[in-house]
>>> print(open('protein_29.cif').read())   # mmCIF, C-alpha atoms (C1' of nucleotides)
data_start
#
loop_
_atom_site.label_atom_id
_atom_site.label_comp_id
_atom_site.auth_asym_id
_atom_site.auth_seq_id
_atom_site.Cartn_x
_atom_site.Cartn_y
_atom_site.Cartn_z
CA MET A 402 183.62 59.41 76.50
CA LYS A 403 181.64 57.14 74.22
CA LEU A 404 181.55 58.76 70.77
CA VAL A 405 179.41 57.25 68.02
CA THR A 406 178.84 57.92 64.33
CA TRP A 407 175.87 56.41 62.54
CA ASN A 408 174.35 57.03 59.12
CA VAL A 409 170.70 56.29 59.93
CA ASN A 410 169.24 56.65 56.41
CA SER A 411 166.29 58.80 57.51
CA LEU A 412 165.82 59.57 61.19
CA THR A 413 162.06 59.62 60.58
CA ALA A 414 162.13 56.01 59.44
CA ARG A 415 164.78 55.03 62.00
CA TRP A 416 163.68 56.79 65.18
CA GLU A 417 162.52 53.68 67.05
CA ARG A 418 165.78 51.89 66.23
CA VAL A 419 167.85 54.91 67.22
CA GLU A 420 165.93 55.40 70.46
CA GLU A 421 166.35 51.76 71.42
CA TRP A 422 170.04 51.80 70.50
CA VAL A 423 170.72 54.93 72.53
CA GLN A 424 168.95 53.50 75.58
CA ARG A 425 170.95 50.29 75.33
CA ASN A 426 174.35 51.78 74.49
CA GLU A 427 174.30 55.11 76.29
CA PRO A 428 176.65 57.08 74.04
CA ASP A 429 177.91 60.42 75.31
CA VAL A 430 178.02 61.94 71.84
CA LEU A 431 176.03 60.59 68.89
CA CYS A 432 176.74 61.88 65.39
CA LEU A 433 174.07 61.17 62.81
CA GLN A 434 174.09 61.43 59.04
CA GLU A 435 171.28 61.32 56.49
CA THR A 436 168.58 62.44 58.89
CA LYS A 437 166.58 63.39 55.77
CA GLN A 438 164.53 65.87 57.78
CA ASP A 439 164.09 69.58 58.01
CA ASP A 440 164.73 71.13 61.42
CA ALA A 441 161.00 71.26 62.19
CA LYS A 442 160.74 67.48 61.97
CA PHE A 443 163.88 66.65 63.94
CA PRO A 444 163.05 64.85 67.23
CA PHE A 445 164.56 67.38 69.65
CA GLU A 446 162.00 66.35 72.29
CA GLY A 447 162.74 62.69 71.75
CA PHE A 448 166.43 63.25 72.39
CA ALA A 449 165.64 65.45 75.40
CA ALA A 450 163.55 62.64 76.86
CA LEU A 451 166.59 60.38 76.52
CA GLY A 452 168.75 62.96 78.27
CA TYR A 453 170.45 64.51 75.24
CA GLU A 454 170.80 67.98 73.84
CA ALA A 455 170.80 67.90 70.07
CA VAL A 456 171.74 70.18 67.21
CA HIS A 457 170.70 69.59 63.63
CA HIS A 458 171.70 70.89 60.24
CA GLY A 459 168.67 69.81 58.27
CA GLU A 460 167.61 70.12 54.70
CA GLY A 461 164.50 68.05 54.05
CA ARG A 462 164.36 65.19 51.64
CA TRP A 463 168.11 64.64 51.41
CA ASN A 464 171.23 64.75 53.57
CA GLY A 465 170.98 66.26 57.06
CA VAL A 466 173.47 65.85 59.93
CA ALA A 467 173.06 66.06 63.68
CA ILE A 468 174.93 65.78 66.96
CA ALA A 469 173.25 64.62 70.17
CA SER A 470 175.22 64.97 73.38
CA ARG A 471 174.79 64.42 77.09
CA VAL A 472 178.10 66.17 77.85
CA GLY A 473 177.22 69.59 76.45
CA ILE A 474 177.17 71.17 72.98
CA ASP A 475 178.90 74.48 72.36
CA GLU A 476 180.33 76.44 69.45
CA VAL A 477 178.00 74.87 66.91
CA ARG A 478 178.86 75.36 63.24
CA ARG A 479 176.73 74.34 60.28
CA GLY A 480 178.72 73.94 57.07
CA PHE A 481 182.15 75.26 56.16
CA GLY A 482 181.12 78.76 55.11
CA THR A 483 182.42 77.97 51.61
CA LYS A 484 180.83 77.25 48.25
CA GLU A 485 180.82 73.53 49.17
CA ASP A 486 177.89 74.28 51.49
CA ALA A 487 175.77 74.39 48.33
CA ASP A 488 176.28 70.62 48.03
CA GLY A 489 173.78 70.04 50.84
CA ALA A 490 173.48 69.97 54.63
CA ARG A 491 176.45 67.69 55.16
CA MET A 492 178.51 69.04 58.04
CA ILE A 493 177.79 70.09 61.60
CA ALA A 494 180.48 70.69 64.18
CA ALA A 495 180.42 71.40 67.91
CA VAL A 496 182.49 71.18 71.06
CA CYS A 497 181.13 68.42 73.31
CA GLY A 498 182.67 67.74 76.68
CA GLY A 499 185.89 69.44 75.64
CA VAL A 500 186.16 67.55 72.35
CA GLU A 501 185.86 69.19 68.95
CA VAL A 502 183.45 67.00 67.00
CA VAL A 503 182.98 67.35 63.24
CA CYS A 504 180.09 65.29 61.88
CA CYS A 505 180.23 64.72 58.10
CA TYR A 506 178.15 63.25 55.34
CA VAL A 507 180.53 63.29 52.39
CA PRO A 508 178.91 63.47 48.93
CA ASN A 509 178.48 60.00 47.41
CA GLY A 510 179.96 60.91 44.05
CA ARG A 511 177.55 58.69 42.11
CA ALA A 512 179.91 57.73 39.27
CA LEU A 513 183.42 58.59 38.11
CA ASP A 514 182.13 60.55 35.11
CA ASP A 515 179.45 62.38 37.11
CA PRO A 516 179.91 66.03 38.13
CA PHE A 517 179.13 64.93 41.68
CA TYR A 518 182.38 62.96 41.77
CA VAL A 519 184.35 66.18 41.27
CA LYS A 520 182.20 67.87 43.92
CA LYS A 521 182.95 65.01 46.30
CA LEU A 522 186.69 65.58 45.95
CA ALA A 523 186.27 69.34 46.39
CA TRP A 524 184.11 68.75 49.47
CA LEU A 525 186.83 66.59 51.03
CA ASP A 526 189.36 69.34 50.24
CA ALA A 527 187.09 71.85 51.98
CA LEU A 528 186.89 69.55 54.99
CA ALA A 529 190.69 69.36 55.19
CA ALA A 530 190.91 73.15 54.96
CA ASP A 531 188.29 73.45 57.70
CA VAL A 532 190.16 71.03 59.99
CA GLY A 533 193.46 72.82 59.52
CA HIS A 534 196.54 71.77 61.44
CA VAL A 535 195.96 69.22 64.19
CA ASP A 536 198.51 69.87 66.86
CA ALA A 537 199.32 67.64 69.81
CA ASP A 538 197.07 69.26 72.40
CA ARG A 539 193.98 69.41 70.22
CA ALA A 540 191.12 67.03 71.11
CA LEU A 541 189.43 66.54 67.75
CA ALA A 542 187.28 63.86 66.15
CA VAL A 543 186.22 64.09 62.51
CA VAL A 544 183.57 61.45 62.02
CA GLY A 545 180.87 60.36 59.66
CA ASP A 546 179.98 58.69 56.41
CA PHE A 547 182.96 59.44 54.17
CA ASN A 548 181.70 57.39 51.24
CA VAL A 549 185.32 56.31 50.80
CA ALA A 550 186.80 52.93 51.70
CA PRO A 551 190.35 53.85 52.73
CA ALA A 552 192.01 50.65 51.45
CA ASP A 553 191.25 47.47 49.49
CA LEU A 554 190.99 45.64 52.81
CA ASP A 555 187.95 47.81 53.52
CA VAL A 556 185.83 46.36 50.69
CA TRP A 557 184.54 42.83 50.19
CA ASP A 558 185.81 42.52 46.62
CA PRO A 559 188.08 45.18 45.12
CA ALA A 560 187.69 43.65 41.65
CA ALA A 561 183.91 44.07 41.79
CA LEU A 562 184.32 47.78 42.49
CA GLU A 563 186.69 48.64 39.66
CA GLY A 564 185.46 51.73 37.89
CA SER A 565 183.23 52.69 40.83
CA THR A 566 183.39 55.49 43.34
CA HIS A 567 184.48 54.99 46.98
CA VAL A 568 187.75 53.22 46.10
CA THR A 569 189.59 55.43 43.61
CA PRO A 570 193.04 56.89 44.34
CA PRO A 571 191.81 60.52 44.32
CA GLU A 572 189.17 59.70 46.95
CA ARG A 573 191.62 57.70 49.06
CA ASP A 574 194.20 60.46 48.69
CA ARG A 575 191.74 62.87 50.32
CA VAL A 576 191.29 60.61 53.34
CA ALA A 577 195.07 60.20 53.51
CA ALA A 578 195.40 63.99 53.38
CA LEU A 579 193.17 64.28 56.44
CA CYS A 580 195.39 61.79 58.22
CA ALA A 581 198.46 63.77 57.12
CA LEU A 582 197.05 66.74 59.03
CA GLY A 583 197.41 64.70 62.21
CA LEU A 584 194.32 62.52 62.32
CA VAL A 585 194.23 58.74 62.77
CA ASP A 586 191.64 56.23 61.51
CA VAL A 587 190.76 54.78 64.90
CA ILE A 588 189.13 51.52 63.80
CA ARG A 589 192.03 50.64 61.51
CA SER A 590 194.67 51.62 64.02
CA THR A 591 193.10 49.45 66.73
CA HIS A 592 192.19 46.40 64.62
CA GLY A 593 195.33 45.55 62.66
CA ASP A 594 194.42 43.91 59.35
CA GLU A 595 191.00 42.73 60.46
CA GLN A 596 188.37 43.27 57.78
CA LEU A 597 185.48 45.30 59.13
CA PHE A 598 182.56 46.82 57.28
CA THR A 599 180.13 49.57 58.26
CA TRP A 600 177.80 49.54 55.25
CA TRP A 601 176.04 46.81 53.32
CA ASP A 602 173.67 47.38 50.41
CA TYR A 603 170.05 46.53 51.15
CA ARG A 604 169.94 44.62 47.86
CA ASN A 605 171.18 41.18 47.05
CA GLY A 606 171.26 39.94 50.63
CA ALA A 607 174.54 41.82 50.82
CA PHE A 608 174.69 41.87 54.61
CA HIS A 609 174.29 38.13 55.02
CA ARG A 610 176.70 37.43 52.17
CA GLY A 611 179.34 39.71 53.65
CA PHE A 612 179.30 42.18 50.75
CA GLY A 613 180.12 45.38 52.59
CA MET A 614 182.48 48.30 52.85
CA ARG A 615 184.06 50.30 55.66
CA ILE A 616 183.10 53.84 54.71
CA ASP A 617 182.03 55.25 58.09
CA LEU A 618 185.12 56.52 59.87
CA VAL A 619 186.25 58.07 63.11
CA LEU A 620 189.37 60.13 62.44
CA CYS A 621 190.84 61.47 65.63
CA SER A 622 193.78 63.48 66.89
CA ALA A 623 196.67 61.87 68.77
CA ARG A 624 195.35 63.23 72.05
CA ILE A 625 192.09 61.31 71.59
CA LEU A 626 193.87 58.19 70.30
CA ASP A 627 196.04 58.15 73.44
CA GLY A 628 192.94 57.57 75.54
CA VAL A 629 191.09 55.03 73.37
CA GLU A 630 189.90 52.06 75.40
CA ARG A 631 187.68 50.39 72.84
CA ALA A 632 186.67 50.94 69.22
CA TYR A 633 184.23 48.77 67.31
CA VAL A 634 181.51 48.50 64.70
CA ASP A 635 178.13 47.44 66.07
CA ARG A 636 177.08 44.95 63.35
CA GLU A 637 174.09 43.92 65.47
CA ALA A 638 172.46 47.25 64.63
CA ARG A 639 172.40 46.23 60.94
CA LYS A 640 170.18 43.22 61.79
CA GLY A 641 166.48 42.96 62.62
CA GLN A 642 163.49 45.03 61.63
CA LYS A 643 163.96 48.17 59.55
CA PRO A 644 167.71 48.60 59.98
CA SER A 645 169.73 51.38 58.43
CA ASP A 646 172.09 50.13 55.73
CA HIS A 647 174.95 51.46 57.92
CA ALA A 648 176.11 50.21 61.31
CA PRO A 649 177.23 52.54 64.12
CA VAL A 650 180.95 53.00 64.77
CA VAL A 651 181.74 53.38 68.46
CA VAL A 652 184.88 54.80 70.04
CA ASP A 653 185.21 54.77 73.82
CA PHE A 654 188.05 56.88 75.21
CA LYS A 655 189.27 58.77 78.24
CA LEU A 656 190.19 62.35 77.47
CA THR A 657 193.84 62.64 78.46
CA ALA A 658 195.70 65.82 79.38
CA PRO A 659 197.18 67.77 76.47
CA ARG A 660 200.54 66.40 75.36
"C1'" DA B 985 173.51 42.95 37.05
"C1'" DT B 986 171.33 45.80 40.40
"C1'" DG B 987 166.99 41.03 44.11
"C1'" DT B 988 165.97 47.22 48.80
"C1'" DC B 989 164.73 51.10 51.12
"C1'" DC B 990 163.25 55.87 51.62
"C1'" DC B 991 161.33 60.13 50.13
"C1'" DA B 992 158.24 63.29 47.61
"C1'" DA B 993 154.56 64.25 44.69
"C1'" DC B 994 151.00 66.81 39.28
"C1'" DT B 995 150.19 61.02 45.79
"C1'" DT B 996 147.68 54.97 45.75
"C1'" DT B 997 152.30 54.61 41.35
"C1'" DT B 998 156.44 56.43 39.82
"C1'" DG B 999 161.13 58.19 39.78
"C1'" DG B 1000 165.41 59.77 42.00
"C1'" DG B 1001 169.01 58.71 45.02
"C1'" DA B 1002 171.90 55.72 47.61
#
>>> encode(input="protein_29.cif", output="structure tokens")
Amino acid sequence: MKLVTWNVNSLTARWERVEEWVQRNEPDVLCLQETKQDDAKFPFEGFAALGYEAVHHGEGRWNGVAIASRVGIDEVRRGFGTKEDADGARMIAAVCGGVEVVCCYVPNGRALDDPFYVKKLAWLDALAADVGHVDADRALAVVGDFNVAPADLDVWDPAALEGSTHVTPPERDRVAALCALGLVDVIRSTHGDEQLFTWWDYRNGAFHRGFGMRIDLVLCSARILDGVERAYVDREARKGQKPSDHAPVVVDFKLTAPR
DNA sequence: ATGTCCCAACTTTTGGGA
């Protein structure tokens, strides 16, 4: 199964790029964040023409998450059913081809002294509560834009980010807490100490200067990790005309039998 | 210190957010 997460920064603005990327890369399951559409505007027909069923948790101007699948979509959930759902349309989950997929757009946090930073931490706590215990026979992938760089290796210059969100111990502790439940950061676990980024600011020529962060993650259960054949960031998708500021993260795996 | 992009609207310019 080829599972992909991609923050597209408006699916309206990005549709041609997404369509082309899907045709070229043929993912089985595509998780999208920041669709920035309401459900009426979401391109259900466009995905159907490509051979995908899609589900969307839309909002309008901000946020919005979706899952497109060509291996089935069942047991769809939109939000946690907790007060954190008031922070926007940021989570959609479904079972696709026997895999539990949780697609997340974690609140940015804005600044350390901003109320949204506290909401970001609470949202990550709600996600951990929603995930629950990850036992050995569970096939689960929690993916998306976490707006957290798990380690200093995951940012171009830790010193430049002092006092900013995305790198603070409380944020990183939340990602570590998800891993403590039984999830593994697939890109990190398959790439040793290689520095890889998934997001580069549009400003400052950041992409070409290598000023990026790895904030888009695929966290998966041991059962998924067992079958991983390839995991990578598609930097090419950040190039060219009208790119998103995020690159897709791709994990290709064979679903193994329960342990 | 902030050089871009995207969206909405009291919409053709501005402000919020990332």
>>> resolve_selection(input="protein_29.cif", expression="the PyMOL selection byres ((chain A) within 8 of (chain B))", output="MDAnalysis selection string")
chainID A and resid 410:411 414 462 509 602:606
>>> axis_aligned_box(input="protein_29.cif", around="range 455-470 of chain A", padding_each_side="5 Å", output="lines of an AutoDock Vina configuration file")
center_x = 169.8
center_y = 67.8
center_z = 62.4
size_x = 20.9
size_y = 16.3
size_z = 32.0
>>> residues_around(input="protein_29.cif", residues="Lys442 in chain A", least_positions_apart="2", cutoff="12 Å", atoms="all atoms listed in the file", output="PyMOL selection string")
chain A and resi 411-414+416+436-440+444-447+457-462+465
>>> resolve_selection(input="protein_29.cif", expression="the PyMOL selection byres ((chain A and resi 579-596) around 9)", output="PyMOL selection string")
chain A and resi 525-526+528-529+532-537+541-543+554-557+574-578+597-598+615+618-623+626+629+631-634+650-652
>>> residues_around(input="protein_29.cif", residues="Asp558 in chain A", least_positions_apart="2", cutoff="10 Å", atoms="all atoms listed in the file", output="PyMOL selection string")
chain A and resi 553-556+560-563+611-614
>>> resolve_selection(input="protein_29.cif", expression="the PyMOL selection byres ((chain A and resi 481) around 8)", output="PDB file with C-alpha atoms, in the frame of the given file")
ATOM      1  CA  ARG A 478     178.860  75.360  63.240  1.00  0.00           C
ATOM      2  CA  ARG A 479     176.730  74.340  60.280  1.00  0.00           C
ATOM      3  CA  GLY A 480     178.720  73.940  57.070  1.00  0.00           C
ATOM      4  CA  GLY A 482     181.120  78.760  55.110  1.00  0.00           C
ATOM      5  CA  THR A 483     182.420  77.970  51.610  1.00  0.00           C
ATOM      6  CA  GLU A 485     180.820  73.530  49.170  1.00  0.00           C
ATOM      7  CA  ASP A 486     177.890  74.280  51.490  1.00  0.00           C
ATOM      8  CA  MET A 492     178.510  69.040  58.040  1.00  0.00           C
ATOM      9  CA  ALA A 527     187.090  71.850  51.980  1.00  0.00           C
ATOM     10  CA  LEU A 528     186.890  69.550  54.990  1.00  0.00           C
ATOM     11  CA  ASP A 531     188.290  73.450  57.700  1.00  0.00           C
TER      12      ASP A 531
END
>>> atom_distance(input="protein_29.cif", atom1="CA of Val466 in chain A", atom2="CA of Leu431 in chain A")
10.7 Å
>>> atom_distance(input="protein_29.cif", atom1="CA of Ala550 in chain A", atom2="CA of His647 in chain A")
13.5 Å
>>> atom_distance(input="protein_29.cif", atom1="CA of Val500 in chain A", atom2="CA of Phe547 in chain A")
20.2 Å
>>> closest_residue(input="protein_29.cif", among="A:Phe443, A:Trp524, A:Trp463, A:Phe654", to="Glu630 in chain A", atoms="all atoms listed in the file")
A:Phe654
>>> closest_residue(input="protein_29.cif", among="A:Tyr506, A:Tyr518, A:Trp600, A:Trp407", to="Trp422 in chain A", atoms="all atoms listed in the file")
A:Trp407
>>> residues_around(input="protein_29.cif", residues="Ala469 in chain A", least_positions_apart="6", cutoff="10 Å", atoms="only C-alpha atoms (C1' of nucleotides)", output="PyMOL selection string")
chain A and resi 405+428-433+445+448-449+452-457+497
>>> residues_around(input="protein_29.cif", residues="Ser565 in chain A", least_positions_apart="3", cutoff="7 Å", atoms="all atoms listed in the file", output="PyMOL selection string")
chain A and resi 512-513+562+568
>>> closest_residue(input="protein_29.cif", among="A:Asp617, A:Asp546, A:Asp627, A:Asp653", to="Gln434 in chain A", atoms="only C-alpha atoms")
A:Asp546
>>> closest_residue(input="protein_29.cif", among="A:Trp601, A:Met402, A:Phe608, A:Ala490", to="Val472 in chain A", atoms="all atoms listed in the file")
A:Met402
>>> residues_around(input="protein_29.cif", residues="Arg624 in chain A", least_positions_apart="5", cutoff="7 Å", atoms="only C-alpha atoms (C1' of nucleotides)", output="list in words")
Ala537, Asp538, Arg539, Ala540, Thr657, Pro659 and Arg660 of chain A
